[in-house]
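Novice: Can you keep this structure in mind? I'll have questions shortly.
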Amino acid sequence: MKSSNLGYPRIGKNREWKKALEAFWAGSIDEASLVQQMEQIRHQNLLRQQEKGVELIPVGDFTYYDHMLDMAVMFGMVPKRYEYEGGPVSLATYFAMARGSKEAVASEMTKWFNTNYHYIVPEFGERQPAKTENKPLQAYLEAKEKYGIIGKPVIVGPYTFVKLSKGYEKNEFEIIVDQLVPLYIDVLRELELHGVEWVQIDEPAFVLDVSEQERAIIKRIYTQIGQALPHLQCMLQTYFEAVDWYKELVSLPVKGIGLDFVHGAKRNLTHLKTHGFPADKILAAGIIDGRNIWRASIEEKWELVNEISEIVPLEKLWLQPSSSLLHVPVTVEAESELPEEVVSALAFSDEKLGEVQLLVQGFRYGKYVISKEIAQNEADLLKLALSPARNRQDVKNALRQIATVKLERSVPYLERREIQQNTWKLPLLPTTTIGSFPQTAEVRQARQQFKKGNWTVEQYDAFIQAQIKEWVKIQEELGLDVLVHGEFERTDMVEYFGEKLDGFLFTKNGWVQSYGSRCVKPPVIYGDVEFVAPMTVKESVYAKSLTAKPMKGMLTGPATILNWSFARDDVSRQEVCEQIALALRKEVEALEEAGILMIQVDEPALREGLPLKKEEQAAYLEWAVRAFRLATSTVAPSTQIHTHMCYCEFHDFMDVISELDADVISIETSRSHGELVSVFETGTYDKGIGLGVYDIHSPRVPAVSEMEDMVARGVQVLPPDQFWINPDCGLKTRGREETVQSLRNMVAATKAIRNRLTAQSGR
């Protein structure tokens with residue numbers, strides 16, 4: 001038996017990766033310094049895995065931004081708008097694809113399966129793919145020659161890579177794959193020539209619905225690779241779920257198969273027992289959860305491995321996490337301030353690798369060797385289970401009381417719409433923002449001063465009010481129709497609410513990558529969730545007092561709080577989500593009572609919790625929608641409920657979004673270059689829609705004409721009075737000047753379309 005890992009967090013123990021990138025983008029360091037710092041971080045990542053006893057250490061999983069973007073540039077897939085002339089892709093072009101530039105919009109970004117990580121979507125169609133360099137080989141040679149580590153190169157497999165890309169028609173899938181397979185063979189041949197022992201080919205898309213025709217394509221892919229490289233040992237790695245076509249999968253001509261025995265445990269174990277496993281292959285068993293932060297029950301994992309070993313001999317087994325550890329923080333070492341019963345039950349990346357190694361040692365040398373560790377592990381988990389925080393009868397009773405209650409607004413949408421139009425008297429195509437405004441260094445410093453106790457509550461409140469006042473004035477000067485207070489008091493859209501609700505805890509250094517250099521520190525839901533006191537009323541009421549224009553209250557929705565937190569794993573996700581929704585309902589009612597009659601309850605991550613198996617999706621959507629309605633359904637008809645979603649594949653999701661019964665839903669249309677608008681050319685939607693007309697993830701200021709074109713296309717397919725105009729997401733991460741100029745252009749574009757429509761109607 002061997003220990004393996006699929007991928008390690010890129011960000012560094014203290015987010016050194018993020019800091020280096022942002023220093024480079026700000027011009028504080030040059031490219032040579034960035035390259036040097038990135039090498040140091042890679043070195044530390046490799047050494048930490050080596051110290052934990054990992055025998056098959058991944059290399060090539062490290063990236064300057066995103067692993068899918070790395071694959072795209074390795075194959076020369078750079079869209080024409082970046083003026084790429086061929087050969088190795090420069091860092092400037094690489095970052096332009098990721099973040100946009102003055103000359104070109106960024107590539108589309110969307111979520112990585114059902115995680116909260118977002119990847120850059122590769123684009124086919126404009127350029128014939130061609131190998132520009134061999135990134136996995138570079139990573140392998142660096143680890144071997146500089147650090148003496150014989151690594152396991154990691155590469156995204158051709159099926160997954162093409163499946164998650166864009167720029168081709170559905171019937172062209174096979175043609176595109178055939179273009180890429182020779183390039184993959186070239187990359188893999190170079191790895192073999194340099195003595196690589198194992199290559200990890202990631203094919204997580206195998207766990208999705210794969211048609212018979214696609215299975216035939218997959219078989220041909222790996223037959224071609226196997227025939228071209230008969231001696232290369234390929235570990236074909238799946239994760240996030242089970243593969244339904246198991247018999248065909250294990251018959252593919254590769255030397256190993258990786259399966260997820262956490263998120264696909266039941267199905268994969270059933271497949272294994274029903275169909276067996278080839279005697280000539282290695283099984284890489286993902287037995288430790290790579291996506292959550294709780295310690296595993298070593299006793300339970302021991303029994304699981306025993307079950308697996310009845311089919312697969314121990315010497316043919318690798319034990320490993322269920323997926324890359326990209327999705328969890330680096331180490332628990334800094335978390336000394338958490339309650340003992342919590343910290344003793346936590347496992348981040350390093351601790352998870354320790355759990356893998358503990359089990360490997362037990363199976364190598366006998367269970368008695370790890371008996372003390374098992375006993376301590378069980379005691380630690382029991383202590384948390386018995387914690388009063390996990391056994392609040394008032395919360396459990398409240399959930400039972402609403403279990404059979406029908407959750408709906410008192411008046412249907414079309415009637416509410418008329419009431420709200422008469423109440424607000426907004427112009428055609430009302431303009432607004434998604435909620436947050438730039439959190440400058442000054443804002444961050446003020447927050448730190450307050451947290452450290454250097455500022456009093458009065459000082460901090462005065463500072464926040466000054467920020468709110470300034471940005472209310474800016475919004476009025478820009479001519480926005482519906483204003484927001486700016487969220488200057490909030491570090492993060494989930495963390496802020498977790499800090500004010502019972503049942504949450506916060507780590508000191510529990511950072512994970514969300515996209516690019518954007519790192520988040522997810523709250524930890526460790527106990528029953530309960531409302532304590534109003535969380536947003538003070539700031540919203542103050543902002544409302546400064547203007548005669550409508551002021552939106554801003555909340556984060558229950559499914560997003562759940563999906564962007566590390567949730568407890570001892571009760572169902574549905575129960576946790578409903579607890580959050582009950583708490584948020586009290587906040588919605590408090591805002592309404594205080595006179596805030598537009599309330600945005602954001603659900604950008606609702607779809608991120610969607611199970612990958614279609615037969616399980618309806619149940620999730622039912623309780624996620626119910627949770628949203630539980631939080632929002634008690635308000636008066638004149639109170640307007642908004643929500644916001646980003647990167648949610650609206651065309652597959654329209655019915656569900658309608659079921660939320662929000663009065664206005666804001667969607668992203670900028671990075672997808674208006675593609676989501678095409679949904680309305682073939683489908684219908686009867687509620688308000690906020691068009692996200694420019695990309696806030698890029699520092700680029702979009703031209704008036706770009707946004708005008710996007711709005712113009714929208715009003716061609718649905719009645720103009722359904723649309724609102726806004727950026728595609730919050731503006732917290734943007735600079736002040738670019739924000740003001742972008743919003744000024746957005747308002748100008750809206751007024752141009754508004755005037756055009758008015759002229760056409762003859763009014």
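By convention in this document, the chains of the structure tokens carry letters A, B, ... by their order, each chain's residues are numbered from 1, and ligands are numbered from 1 in the order they are shown.
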Do you know which residues are at most 9 Å from Tyr147 of chain A counting only C-alpha atoms, after dropping those on the same chain fewer than 2 positions away, and could you put them as a PyMOL selection string?
Specialist: chain A and resi 43+46-47+142-145+149-150
Novice: Go ahead and save the residues from that selection, with N, CA, C and O atoms, as a PDB file, in the first residue's frame.
Specialist:
```pdb
ATOM      1  N   HIS A  43       8.277  25.062  -3.731  1.00  0.00           N
ATOM      2  CA  HIS A  43       9.237  24.296  -2.943  1.00  0.00           C
ATOM      3  C   HIS A  43       8.648  23.959  -1.573  1.00  0.00           C
ATOM      4  O   HIS A  43       8.678  22.802  -1.127  1.00  0.00           O
ATOM      5  N   LEU A  46       5.901  21.316  -1.782  1.00  0.00           N
ATOM      6  CA  LEU A  46       6.431  19.966  -1.991  1.00  0.00           C
ATOM      7  C   LEU A  46       7.024  19.410  -0.697  1.00  0.00           C
ATOM      8  O   LEU A  46       6.793  18.246  -0.336  1.00  0.00           O
ATOM      9  N   LEU A  47       7.792  20.249   0.021  1.00  0.00           N
ATOM     10  CA  LEU A  47       8.431  19.788   1.252  1.00  0.00           C
ATOM     11  C   LEU A  47       7.406  19.428   2.322  1.00  0.00           C
ATOM     12  O   LEU A  47       7.587  18.455   3.065  1.00  0.00           O
ATOM     13  N   GLU A 142      11.791  20.207 -12.236  1.00  0.00           N
ATOM     14  CA  GLU A 142      12.127  21.115 -11.138  1.00  0.00           C
ATOM     15  C   GLU A 142      12.131  20.375  -9.803  1.00  0.00           C
ATOM     16  O   GLU A 142      13.071  20.510  -9.003  1.00  0.00           O
ATOM     17  N   ALA A 143      11.077  19.589  -9.545  1.00  0.00           N
ATOM     18  CA  ALA A 143      10.983  18.860  -8.275  1.00  0.00           C
ATOM     19  C   ALA A 143      12.110  17.841  -8.139  1.00  0.00           C
ATOM     20  O   ALA A 143      12.692  17.672  -7.056  1.00  0.00           O
ATOM     21  N   LYS A 144      12.451  17.190  -9.241  1.00  0.00           N
ATOM     22  CA  LYS A 144      13.486  16.152  -9.204  1.00  0.00           C
ATOM     23  C   LYS A 144      14.886  16.733  -9.073  1.00  0.00           C
ATOM     24  O   LYS A 144      15.677  16.300  -8.217  1.00  0.00           O
ATOM     25  N   GLU A 145      15.188  17.724  -9.920  1.00  0.00           N
ATOM     26  CA  GLU A 145      16.561  18.225  -9.988  1.00  0.00           C
ATOM     27  C   GLU A 145      16.901  19.189  -8.856  1.00  0.00           C
ATOM     28  O   GLU A 145      18.034  19.214  -8.376  1.00  0.00           O
ATOM     29  N   ILE A 149      12.782  15.269  -5.410  1.00  0.00           N
ATOM     30  CA  ILE A 149      11.458  14.642  -5.269  1.00  0.00           C
ATOM     31  C   ILE A 149      11.028  14.063  -6.610  1.00  0.00           C
ATOM     32  O   ILE A 149      10.999  14.772  -7.624  1.00  0.00           O
ATOM     33  N   ILE A 150      10.730  12.768  -6.627  1.00  0.00           N
ATOM     34  CA  ILE A 150      10.215  12.119  -7.838  1.00  0.00           C
ATOM     35  C   ILE A 150       8.698  12.283  -7.814  1.00  0.00           C
ATOM     36  O   ILE A 150       7.975  11.515  -7.177  1.00  0.00           O
TER      37      ILE A 150
END
```
Novice: Can you pull out every residue from segment 163-381 of chain A that DSSP, working from the backbone, puts in strand (DSSP E), and format the result as a list in words?
Specialist: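 Assigned to strand (DSSP E), within segment 163-381 of chain A: Trp198, Val199, Gln200, Ile201, Asp202, Gln233, Cys234, Met235, Leu236, Gln237, Gly256, Ile257, Gly258, Leu259, Asp260, Ile282, Leu283, Ala284, Ala285, Gly286, Ile287, Ile288, Leu317, Trp318, Leu319, Gln320 and Pro321 of chain A.
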Novice: Quick one: residues within 8 Å of segment 320-330 of chain A, only C-alpha atoms, excluding same-chain residues fewer than 3 positions away - as a PDB file with C-alpha atoms, in the first residue's frame?
Specialist:
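Listed below is the output, part-v2.pdb:
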```
ATOM      1  CA  SER A   3       0.077   7.014   0.215  1.00  0.00           C
ATOM      2  CA  SER A   4      -0.815   9.498  -2.490  1.00  0.00           C
ATOM      3  CA  ASN A   5      -2.105  13.031  -2.888  1.00  0.00           C
ATOM      4  CA  LEU A   6      -4.064  14.523  -5.799  1.00  0.00           C
ATOM      5  CA  GLY A   7      -3.192  18.213  -5.360  1.00  0.00           C
ATOM      6  CA  TYR A   8      -2.093  20.676  -2.685  1.00  0.00           C
ATOM      7  CA  PRO A   9      -3.299  24.239  -1.906  1.00  0.00           C
ATOM      8  CA  ARG A  10      -1.459  26.761  -4.080  1.00  0.00           C
ATOM      9  CA  GLY A  12       0.917  29.004   0.711  1.00  0.00           C
ATOM     10  CA  LYS A  13       0.715  28.718   4.475  1.00  0.00           C
ATOM     11  CA  THR A 115     -17.205  23.422  -5.552  1.00  0.00           C
ATOM     12  CA  TYR A 117     -13.633  27.315  -6.911  1.00  0.00           C
ATOM     13  CA  TYR A 239     -13.414  12.553  -8.083  1.00  0.00           C
ATOM     14  CA  PHE A 240     -16.411  14.442  -6.649  1.00  0.00           C
ATOM     15  CA  LEU A 259     -12.149   6.618  -7.282  1.00  0.00           C
ATOM     16  CA  ASP A 260     -13.811   8.874  -4.713  1.00  0.00           C
ATOM     17  CA  PHE A 261     -14.893   6.870  -1.649  1.00  0.00           C
ATOM     18  CA  VAL A 262     -16.226   9.931   0.183  1.00  0.00           C
ATOM     19  CA  HIS A 263     -18.608  11.779  -2.140  1.00  0.00           C
ATOM     20  CA  ALA A 284      -6.258   4.869  -5.826  1.00  0.00           C
ATOM     21  CA  ALA A 285      -8.925   5.059  -3.126  1.00  0.00           C
ATOM     22  CA  GLY A 286      -9.955   8.572  -2.077  1.00  0.00           C
ATOM     23  CA  ILE A 287     -10.994   7.858   1.503  1.00  0.00           C
ATOM     24  CA  ILE A 288     -10.317  11.207   3.262  1.00  0.00           C
ATOM     25  CA  ASP A 289     -12.665  14.100   2.462  1.00  0.00           C
ATOM     26  CA  GLY A 290     -10.756  16.603   0.322  1.00  0.00           C
ATOM     27  CA  ARG A 291     -13.536  19.205   0.492  1.00  0.00           C
ATOM     28  CA  ASN A 292     -14.441  19.666   4.151  1.00  0.00           C
ATOM     29  CA  ILE A 293     -12.411  20.417   7.255  1.00  0.00           C
ATOM     30  CA  PHE A 348      -6.946  20.895   6.987  1.00  0.00           C
ATOM     31  CA  SER A 349      -4.635  19.777   4.165  1.00  0.00           C
ATOM     32  CA  ASP A 350      -1.632  18.805   6.237  1.00  0.00           C
ATOM     33  CA  LYS A 352      -5.642  15.128   6.107  1.00  0.00           C
ATOM     34  CA  LEU A 353      -2.366  13.908   4.680  1.00  0.00           C
ATOM     35  CA  VAL A 356      -3.845   9.094   5.098  1.00  0.00           C
ATOM     36  CA  ASN A 509      -5.823  31.270   8.849  1.00  0.00           C
ATOM     37  CA  GLY A 510      -8.367  29.016   7.139  1.00  0.00           C
ATOM     38  CA  TRP A 511      -8.003  30.561   3.669  1.00  0.00           C
ATOM     39  CA  VAL A 512      -8.917  28.852   0.406  1.00  0.00           C
ATOM     40  CA  GLN A 513      -8.735  30.002  -3.206  1.00  0.00           C
TER      41      GLN A 513
END
```
Novice: Within 6 Å of Gly557 of chain A, counting only C-alpha atoms, which residues qualify if same-chain residues fewer than 2 places away don't, as a PDB file with C-alpha atoms, in the first residue's frame?
Specialist:
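The file below, result-v9.pdb, is the result:
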```
ATOM      1  CA  ALA A 559     -27.947  28.298   0.323  1.00  0.00           C
ATOM      2  CA  THR A 560     -24.993  30.580  -0.368  1.00  0.00           C
ATOM      3  CA  VAL A 601     -31.059  38.288  -0.720  1.00  0.00           C
ATOM      4  CA  ASP A 602     -28.131  37.069  -2.797  1.00  0.00           C
ATOM      5  CA  GLU A 603     -27.837  33.440  -3.867  1.00  0.00           C
TER       6      GLU A 603
END
```
Novice: Near segment 295-308 of chain A, within 9 Å and counting only C-alpha atoms, which residues show up once chain neighbours fewer than 5 positions away are dropped, as a PyMOL selection string?
Specialist: chain A and resi 261+269+272-273+285+287-289+313-314+317+319+344-348+351-352+355+358-359+362-363+367+373-375+377-378+381
Novice: Give me the residues near Lys538 of chain A as JSON, numbers by chain, where near means some atom within 12 Å (using only C-alpha atoms) and where sequence neighbours in that chain fewer than 6 positions away do not count.
Specialist: {"A": [461, 464, 465, 468, 485, 487, 489, 544, 545, 553, 554, 587, 590, 591, 594, 595, 596]}
Novice: For the residues selected in the previous step, produce a file with N, CA and C atoms as a tab-separated table (two decimals), in the first residue's frame.
Specialist:
```tsv
chain	number	residue	atom	x	y	z
A	461	ASP	N	-17.87	53.11	13.99
A	461	ASP	CA	-19.18	53.45	13.42
A	461	ASP	C	-19.11	54.78	12.66
A	464	ILE	N	-17.40	54.15	9.31
A	464	ILE	CA	-18.28	53.45	8.37
A	464	ILE	C	-19.35	54.41	7.84
A	465	GLN	N	-19.91	55.22	8.71
A	465	GLN	CA	-20.93	56.17	8.27
A	465	GLN	C	-20.36	57.18	7.27
A	468	ILE	N	-20.21	55.42	3.96
A	468	ILE	CA	-21.56	55.29	3.41
A	468	ILE	C	-22.02	56.62	2.83
A	485	HIS	N	-25.87	50.77	0.39
A	485	HIS	CA	-25.03	51.47	1.39
A	485	HIS	C	-23.55	51.16	1.22
A	487	GLU	N	-21.65	48.28	1.99
A	487	GLU	CA	-21.14	47.11	2.72
A	487	GLU	C	-19.71	47.29	3.24
A	489	GLU	N	-18.72	47.72	6.15
A	489	GLU	CA	-18.54	47.06	7.44
A	489	GLU	C	-18.32	45.56	7.30
A	544	LYS	N	-30.35	55.12	4.12
A	544	LYS	CA	-31.66	55.57	3.64
A	544	LYS	C	-31.94	57.01	4.07
A	545	SER	N	-31.42	57.39	5.23
A	545	SER	CA	-31.67	58.74	5.73
A	545	SER	C	-30.95	59.82	4.91
A	553	GLY	N	-31.67	47.00	0.99
A	553	GLY	CA	-30.99	46.26	2.04
A	553	GLY	C	-30.29	45.06	1.41
A	554	MET	N	-29.16	44.64	1.98
A	554	MET	CA	-28.34	43.60	1.35
A	554	MET	C	-28.08	42.45	2.31
A	587	GLU	N	-34.15	38.64	10.06
A	587	GLU	CA	-33.45	39.83	9.60
A	587	GLU	C	-34.24	40.55	8.51
A	590	ALA	N	-36.90	42.43	10.15
A	590	ALA	CA	-36.38	43.60	10.86
A	590	ALA	C	-36.09	44.74	9.89
A	591	LEU	N	-35.57	44.42	8.71
A	591	LEU	CA	-35.33	45.46	7.70
A	591	LEU	C	-36.64	46.09	7.24
A	594	ALA	N	-38.07	48.42	9.66
A	594	ALA	CA	-37.29	49.66	9.75
A	594	ALA	C	-37.46	50.54	8.51
A	595	GLY	N	-38.30	50.14	7.57
A	595	GLY	CA	-38.58	50.96	6.40
A	595	GLY	C	-37.72	50.67	5.19
A	596	ILE	N	-36.92	49.60	5.22
A	596	ILE	CA	-36.14	49.19	4.06
A	596	ILE	C	-37.02	48.23	3.25
```
Novice: Name the residues of segment 434-596 of chain A that fall into alpha helix (DSSP H) according to DSSP on the backbone, using the chain letters and numbers of this document, as a VMD selection string.
Specialist: chain A and resid 441 to 451 457 to 478 495 to 500 537 to 544 558 to 563 573 to 593
Novice: I'd like the neighbourhood of Tyr685 of chain A as a PDB file with C-alpha atoms, in the first residue's frame, where a residue qualifies if any of its atoms comes within 9 Å (using only C-alpha atoms), though same-chain residues fewer than 5 positions away should be ignored.
Specialist:
```
ATOM      1  CA  MET A 654     -34.684  29.222 -15.355  1.00  0.00           C
ATOM      2  CA  ASP A 655     -37.563  27.262 -13.813  1.00  0.00           C
ATOM      3  CA  SER A 658     -38.619  31.498 -11.139  1.00  0.00           C
ATOM      4  CA  PHE A 680     -34.660  34.521 -23.598  1.00  0.00           C
ATOM      5  CA  LEU A 718     -37.989  40.437 -23.634  1.00  0.00           C
TER       6      LEU A 718
END
```
Novice: What does the distance from atom CA of Val524 of chain A to atom CA of Pro339 of chain A come to in Å, to one decimal?
Specialist: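 We find that atom CA of Val524 of chain A and atom CA of Pro339 of chain A lie 12.3 Å from each other.
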Novice: Smallest atom-to-atom distance to Tyr64 of chain A: which of A:Ser517, A:Asp186, A:Pro253, A:Lys316, using only C-alpha atoms?
Specialist: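 When distances to Tyr64 of chain A are compared using only C-alpha atoms, the smallest one comes from A:Ser517.
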Novice: So which one's closest to Leu69 of chain A, A:Leu610, A:Ala703, A:Val532, A:Ile155? Using only C-alpha atoms, please.
Specialist: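 Looking at the shortest contact to Leu69 of chain A, the residue is A:Ile155.
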